[in-house]
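Have a look at coords_6.cif below; it lists mmCIF, C-alpha atoms and all ligand atoms.
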data_work
loop_
_atom_site.label_atom_id
_atom_site.label_comp_id
_atom_site.auth_asym_id
_atom_site.auth_seq_id
_atom_site.Cartn_x
_atom_site.Cartn_y
_atom_site.Cartn_z
CA MET A 1324 -6.73 -25.12 4.74
CA SER A 1325 -6.66 -21.43 3.82
CA LYS A 1326 -5.88 -20.00 0.39
CA LYS A 1327 -2.40 -18.47 0.24
CA LEU A 1328 -3.40 -15.10 -1.13
CA VAL A 1329 -1.54 -11.83 -1.62
CA ILE A 1330 -3.61 -9.07 -0.01
CA VAL A 1331 -2.68 -5.41 -0.27
CA PHE A 1332 -3.83 -2.41 1.78
CA GLU A 1333 -3.76 0.89 -0.06
CA GLY A 1334 -4.78 4.46 0.59
CA ILE A 1335 -3.48 7.95 1.17
CA GLU A 1336 -2.07 9.31 4.44
CA GLY A 1337 -4.52 9.01 7.34
CA SER A 1338 -6.73 6.46 5.57
CA GLY A 1339 -6.23 3.82 8.25
CA LYS A 1340 -4.74 1.14 5.98
CA SER A 1341 -1.90 0.16 8.36
CA TYR A 1342 -4.31 -0.12 11.31
CA HIS A 1343 -6.56 -2.48 9.35
CA LEU A 1344 -3.63 -4.55 8.06
CA ASN A 1345 -2.49 -5.09 11.64
CA GLU A 1346 -6.01 -6.05 12.71
CA VAL A 1347 -6.15 -8.61 9.89
CA SER A 1348 -2.80 -9.98 11.02
CA LYS A 1349 -4.09 -10.35 14.62
CA HIS A 1350 -7.25 -12.03 13.30
CA LEU A 1351 -5.20 -14.57 11.31
CA LYS A 1352 -2.92 -15.19 14.29
CA LYS A 1353 -5.93 -16.00 16.46
CA LYS A 1354 -7.01 -18.53 13.86
CA ASN A 1355 -3.47 -19.96 13.67
CA ILE A 1356 -3.23 -19.05 9.99
CA ASP A 1357 0.34 -18.66 8.81
CA HIS A 1358 1.05 -15.34 7.13
CA ILE A 1359 3.68 -12.68 6.69
CA LYS A 1360 3.22 -8.92 6.65
CA ILE A 1361 5.45 -6.40 5.02
CA ARG A 1362 5.29 -2.73 4.17
CA GLU A 1363 6.53 -0.76 1.19
CA PRO A 1364 8.81 1.00 1.01
CA GLY A 1365 10.46 -1.17 3.64
CA GLY A 1366 9.77 -4.70 4.72
CA SER A 1367 13.16 -6.34 4.33
CA GLN A 1368 16.39 -5.03 5.86
CA ASN A 1369 17.70 -3.47 2.65
CA SER A 1370 14.35 -2.05 1.71
CA GLU A 1371 14.07 -0.35 5.12
CA LYS A 1372 17.44 1.34 4.40
CA ILE A 1373 16.04 2.70 1.14
CA ARG A 1374 12.83 3.79 2.93
CA LYS A 1375 14.87 5.92 5.34
CA LEU A 1376 16.64 7.57 2.42
CA ILE A 1377 13.45 8.36 0.45
CA LEU A 1378 11.35 9.59 3.36
CA ASN A 1379 14.06 11.54 5.19
CA ASN A 1380 13.03 15.19 5.46
CA LYS A 1381 16.50 16.24 4.36
CA SER A 1382 16.27 14.31 1.06
CA SER A 1383 15.33 16.30 -2.03
CA PHE A 1384 15.31 13.86 -4.92
CA ASN A 1385 13.50 14.56 -8.17
CA LYS A 1386 10.36 12.56 -9.02
CA GLU A 1387 12.16 10.07 -11.30
CA THR A 1388 14.79 9.39 -8.62
CA ASP A 1389 11.96 8.82 -6.13
CA LEU A 1390 10.33 6.36 -8.53
CA LEU A 1391 13.58 4.45 -8.95
CA LEU A 1392 14.13 4.38 -5.19
CA TYR A 1393 10.60 3.07 -4.51
CA LEU A 1394 11.21 0.40 -7.14
CA ALA A 1395 14.64 -0.36 -5.70
CA ALA A 1396 12.95 -0.87 -2.33
CA ARG A 1397 10.48 -3.23 -4.04
CA SER A 1398 13.29 -5.07 -5.79
CA GLU A 1399 14.90 -5.71 -2.40
CA ASN A 1400 11.65 -7.31 -1.17
CA LEU A 1401 11.35 -9.76 -4.01
CA LEU A 1402 13.40 -12.50 -2.42
CA LEU A 1403 11.05 -12.47 0.56
CA LEU A 1404 7.90 -12.13 -1.55
CA LYS A 1405 8.87 -14.93 -3.92
CA LYS A 1406 9.90 -17.17 -1.01
CA TYR A 1407 6.40 -17.06 0.49
CA TYR A 1408 4.34 -16.63 -2.71
CA LYS A 1409 1.55 -19.24 -2.66
CA LYS A 1410 3.05 -20.75 0.51
CA LYS A 1411 1.72 -18.29 3.07
CA ILE A 1412 -0.80 -15.46 3.06
CA ILE A 1413 1.12 -12.25 2.28
CA LEU A 1414 -0.26 -8.97 3.67
CA ILE A 1415 1.34 -5.88 2.09
CA ASP A 1416 1.04 -2.30 3.32
CA ARG A 1417 1.22 -0.46 -0.05
CA PHE A 1418 2.39 -1.97 -3.34
CA VAL A 1419 2.27 -1.29 -7.10
CA ASP A 1420 -0.92 0.82 -6.92
CA SER A 1421 0.85 3.25 -4.58
CA THR A 1422 3.58 3.73 -7.17
CA ILE A 1423 1.03 4.45 -9.90
CA ALA A 1424 -1.15 6.65 -7.67
CA TYR A 1425 1.68 8.73 -6.14
CA GLN A 1426 4.34 8.80 -8.87
CA HIS A 1427 2.05 8.89 -11.93
CA TYR A 1428 -1.27 10.43 -10.86
CA GLY A 1429 0.29 12.59 -8.15
CA LEU A 1430 3.63 13.59 -9.61
CA GLY A 1431 3.19 12.98 -13.33
CA VAL A 1432 5.90 10.36 -13.90
CA ASN A 1433 5.50 8.38 -17.12
CA LEU A 1434 3.07 5.49 -16.59
CA LYS A 1435 4.66 3.19 -19.17
CA LEU A 1436 8.00 3.45 -17.40
CA ILE A 1437 6.42 2.53 -14.06
CA LYS A 1438 4.55 -0.43 -15.55
CA PHE A 1439 7.59 -1.64 -17.48
CA ILE A 1440 9.88 -1.77 -14.43
CA ASN A 1441 7.18 -3.23 -12.19
CA ASN A 1442 6.42 -5.99 -14.69
CA TYR A 1443 10.13 -6.68 -15.08
CA LEU A 1444 10.56 -6.99 -11.30
CA LEU A 1445 7.38 -8.87 -10.44
CA LYS A 1446 7.02 -11.28 -13.37
CA LYS A 1447 4.39 -13.84 -12.25
CA PHE A 1448 3.91 -12.39 -8.75
CA LYS A 1449 0.27 -11.25 -8.65
CA VAL A 1450 -1.89 -9.47 -6.08
CA ASN A 1451 -5.17 -11.31 -5.38
CA PHE A 1452 -7.10 -8.64 -3.51
CA THR A 1453 -6.77 -5.00 -2.45
CA PHE A 1454 -8.49 -3.04 0.30
CA LEU A 1455 -8.50 0.59 -0.78
CA ASN A 1456 -9.10 2.90 2.18
CA ILE A 1457 -10.44 6.31 1.27
CA VAL A 1458 -10.62 9.38 3.50
CA ASN A 1459 -11.95 12.91 3.08
CA LYS A 1460 -9.76 16.03 3.27
CA LYS A 1461 -10.98 17.03 6.75
CA ASN A 1462 -10.23 13.66 8.35
CA MET A 1463 -6.92 13.31 6.54
CA ILE A 1464 -5.74 16.66 7.91
CA LYS A 1465 -7.04 15.80 11.39
CA ARG A 1466 -5.22 12.44 11.41
CA LEU A 1467 -1.96 13.84 10.03
CA LYS A 1468 -1.97 16.42 12.84
CA LEU A 1469 -2.02 13.58 15.38
CA ARG A 1470 1.27 12.16 14.07
CA LYS A 1471 4.31 12.68 16.28
CA SER A 1472 6.53 13.39 13.29
CA LEU A 1473 5.95 13.91 9.59
CA ASN A 1474 8.17 12.47 6.86
CA ARG A 1475 8.97 13.94 3.46
CA TYR A 1476 5.90 12.37 1.82
CA ASP A 1477 3.52 13.58 4.56
CA LYS A 1478 4.09 17.19 3.58
CA PHE A 1479 2.55 17.66 0.13
CA ASN A 1480 -0.38 20.04 -0.16
CA ASN A 1481 -3.92 18.69 0.26
CA ASN A 1482 -4.65 18.83 -3.47
CA PHE A 1483 -1.81 16.43 -4.11
CA TYR A 1484 -3.38 13.77 -1.85
CA GLN A 1485 -6.77 14.33 -3.52
CA LYS A 1486 -5.15 13.68 -6.91
CA VAL A 1487 -3.47 10.55 -5.55
CA GLN A 1488 -6.74 9.29 -4.06
CA LYS A 1489 -8.55 9.86 -7.36
CA GLY A 1490 -5.76 7.84 -9.00
CA PHE A 1491 -6.29 4.98 -6.57
CA MET A 1492 -10.04 5.09 -7.32
CA ARG A 1493 -9.41 4.88 -11.07
CA LEU A 1494 -7.23 1.81 -10.56
CA ALA A 1495 -9.85 0.18 -8.31
CA LYS A 1496 -12.73 0.87 -10.69
CA ARG A 1497 -10.90 -0.85 -13.53
CA LYS A 1498 -10.75 -4.15 -11.62
CA ILE A 1499 -13.51 -3.65 -9.07
CA LYS A 1500 -13.96 -7.39 -8.37
CA LYS A 1501 -10.46 -7.48 -6.91
CA TYR A 1502 -10.97 -4.44 -4.69
CA LYS A 1503 -12.95 -3.48 -1.62
CA ILE A 1504 -13.29 0.25 -1.14
CA VAL A 1505 -13.37 1.05 2.56
CA ASN A 1506 -14.85 4.40 3.56
CA SER A 1507 -12.47 5.41 6.29
CA ASN A 1508 -14.66 8.35 7.32
CA LEU A 1509 -17.06 5.84 8.88
CA ASP A 1510 -16.68 4.16 12.25
CA ILE A 1511 -13.38 2.27 12.55
CA SER A 1512 -14.85 -0.81 14.26
CA TYR A 1513 -17.57 -1.02 11.61
CA ASN A 1514 -14.86 -1.00 8.93
CA LYS A 1515 -12.80 -3.53 10.85
CA SER A 1516 -15.62 -6.08 10.89
CA LEU A 1517 -16.35 -5.37 7.22
CA ILE A 1518 -12.72 -6.14 6.36
CA LEU A 1519 -12.44 -9.22 8.59
CA ASN A 1520 -15.65 -10.64 7.10
CA LYS A 1521 -14.26 -10.15 3.62
CA ILE A 1522 -10.96 -11.76 4.63
CA ASP A 1523 -12.80 -14.82 6.00
CA LYS A 1524 -14.67 -15.16 2.71
CA LEU A 1525 -11.53 -14.72 0.63
CA ILE A 1526 -9.37 -17.26 2.40
P1 LIG A 1601 3.70 4.94 4.60
O1 LIG A 1601 3.97 6.09 5.50
O2 LIG A 1601 2.28 4.64 4.42
O3 LIG A 1601 4.50 3.77 4.92
O4 LIG A 1601 4.16 5.36 3.11
C1 LIG A 1601 5.28 6.05 2.81
C2 LIG A 1601 5.07 7.02 1.69
O5 LIG A 1601 5.58 6.49 0.47
C3 LIG A 1601 3.62 7.41 1.39
O6 LIG A 1601 3.55 8.82 1.33
C4 LIG A 1601 3.37 6.87 0.01
C5 LIG A 1601 4.73 6.80 -0.60
N1 LIG A 1601 4.91 5.80 -1.67
C6 LIG A 1601 5.07 6.24 -2.97
O7 LIG A 1601 5.03 7.46 -3.23
N2 LIG A 1601 5.28 5.31 -3.95
C7 LIG A 1601 5.34 3.97 -3.68
O8 LIG A 1601 5.54 3.16 -4.59
C8 LIG A 1601 5.16 3.52 -2.32
C9 LIG A 1601 5.22 2.07 -2.01
C10 LIG A 1601 4.94 4.48 -1.36
#
Just give me the structure as structure tokens.
Ligand code: TMP
Amino acid sequence: MSKKLVIVFEGIEGSGKSYHLNEVSKHLKKKNIDHIKIREPGGSQNSEKIRKLILNNKSSFNKETDLLLYLAARSENLLLLKKYYKKKIILIDRFVDSTIAYQHYGLGVNLKLIKFINNYLLKKFKVNFTFLNIVNKKNMIKRLKLRKSLNRYDKFNNNFYQKVQKGFMRLAKRKIKKYKIVNSNLDISYNKSLILNKIDKLI
């Protein structure tokens, strides 16, 4: 029997986190291991509605409103997350670290406020392991250019994403045993086998 872990994939735009999450999901499917995958913002029906609102290019909310909307999207996922917590493996594309990295390290929103609301929402729900995908400026720009359309959060300047990535690194270094830093500038299939090996060990 596998361990019913909560595994998060983090990283800035173009870091390949969603690709790797999907590869992990395929890998688990092949092994007949029950799991769910969700993304944030989004995941559940109501959370997807909030995602559209936040990321719409015509939206122009201030940074605190954005924070509250990201947390509202998370709040709408809790029913789903709590339903499967410790019952199935849960794969999440972005979670609390994204809020701290983007809203606090990137945009300067008060960290205590972010932590307070997150703790209030999540209570005993805990992440077991995080894959942090990092990417250099050149590859990030190259990968963003390949996207068919860009949303409101794909359009910050490059320095913003560097600040966010540094924020992610600070979070990872504090609890390094619970993180695997994946160098997304390296070969994608090399990284895929690195991640799948780690997943097999974890579960
Ligand atoms: P995605 O395109 O990877 O799904 O992410 C959507 C954007 O939302 C991405 O730019 C990161 C941002 N985001 C935050 O700023 N704060 C958060 O708490 C989350 C979950 C995402």
Check: A:Leu1519: which residues within 9 Å, counting all atoms listed in the file, same-chain residues fewer than 6 positions away excluded, as a VMD selection string?
Finding: chain A and resid 1343 1346 to 1347 1350
Notebook entry, point to check: What residues have any atom no more than 10 Å from ligand LIG 1601 (chain A) when counting only C-alpha atoms and all ligand atoms, and can you list them as JSON, numbers by chain?
Noted result: {"A": [1332, 1333, 1334, 1335, 1336, 1337, 1338, 1339, 1340, 1341, 1362, 1363, 1364, 1365, 1366, 1374, 1375, 1377, 1378, 1386, 1389, 1390, 1391, 1392, 1393, 1394, 1395, 1396, 1397, 1415, 1416, 1417, 1418, 1419, 1420, 1421, 1422, 1423, 1424, 1425, 1426, 1427, 1429, 1430, 1437, 1473, 1474, 1475, 1476, 1477, 1478, 1479, 1484, 1487]}
Next item on the list: Grab the atom CA of A:Val1505 to atom CA of A:Lys1446 distance for me, in Å with one decimal place.
Entry: 28.7 Å
Next item on the list: Have a look at atom CA of A:Ser1370 and atom CA of A:Asn1400 and let me know their distance in Å, one decimal.
Entry: 6.6 Å
Non-local contacts of A:Lys1447 (12 Å; all atoms listed in the file; under 5 positions in same chain excluded) as an mmCIF file with C-alpha atoms, in the frame of the given file:
data_model
loop_
_atom_site.group_PDB
_atom_site.id
_atom_site.type_symbol
_atom_site.label_atom_id
_atom_site.label_comp_id
_atom_site.auth_asym_id
_atom_site.auth_seq_id
_atom_site.Cartn_x
_atom_site.Cartn_y
_atom_site.Cartn_z
ATOM 1 C CA LEU A 1401 11.350 -9.760 -4.010
ATOM 2 C CA LEU A 1404 7.900 -12.130 -1.550
ATOM 3 C CA LYS A 1405 8.870 -14.930 -3.920
ATOM 4 C CA TYR A 1408 4.340 -16.630 -2.710
ATOM 5 C CA LYS A 1409 1.550 -19.240 -2.660
ATOM 6 C CA ASN A 1441 7.180 -3.230 -12.190
ATOM 7 C CA ASN A 1442 6.420 -5.990 -14.690
#
Check: Which residues, protein or nucleic acid, reach to within 7 Å of (1.1, -8.5, -0.2) in the file's coordinates when using all atoms listed in the file, and can you give that as JSON, numbers by chain?
Finding: {"A": [1329, 1330, 1331, 1413, 1414, 1415, 1450]}
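Atom pair atom CA of A:Lys1515 / atom CA of A:Met1324: separated by 23.2 Å.
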Next item on the list: Pick out the residues sitting within 10 Å of A:Lys1501, and hand them over as a ChimeraX atom specification; count all atoms listed in the file, and ignore anything fewer than 4 positions along from it in its own chain.
Entry: /A:1330,1450-1454,1495-1497
Find the spatial neighbours of A:Lys1411, counting all atoms listed in the file, within a cut-off of 6 Å - ignore same-chain residues fewer than 3 positions away - and output them as a CSV table (one decimal) with C-alpha atoms, in the frame of the given file.
chain,number,residue,atom,x,y,z
A,1327,LYS,CA,-2.4,-18.5,0.2
A,1357,ASP,CA,0.3,-18.7,8.8
A,1358,HIS,CA,1.0,-15.3,7.1
A,1407,TYR,CA,6.4,-17.1,0.5
Notebook entry, point to check: A:Asn1462: which residues within 9 Å, counting all atoms listed in the file, same-chain residues fewer than 3 positions away excluded, as a list of chain:residue names?
Noted result: A:Gly1337, A:Ser1338, A:Val1458, A:Asn1459, A:Lys1465, A:Arg1466, A:Leu1467, A:Ser1507, A:Asn1508
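Among the candidates A:Ile1373, A:Ile1412, A:Ile1464, A:Ile1511, the one nearest to A:Glu1399 when counting all atoms listed in the file is A:Ile1373.
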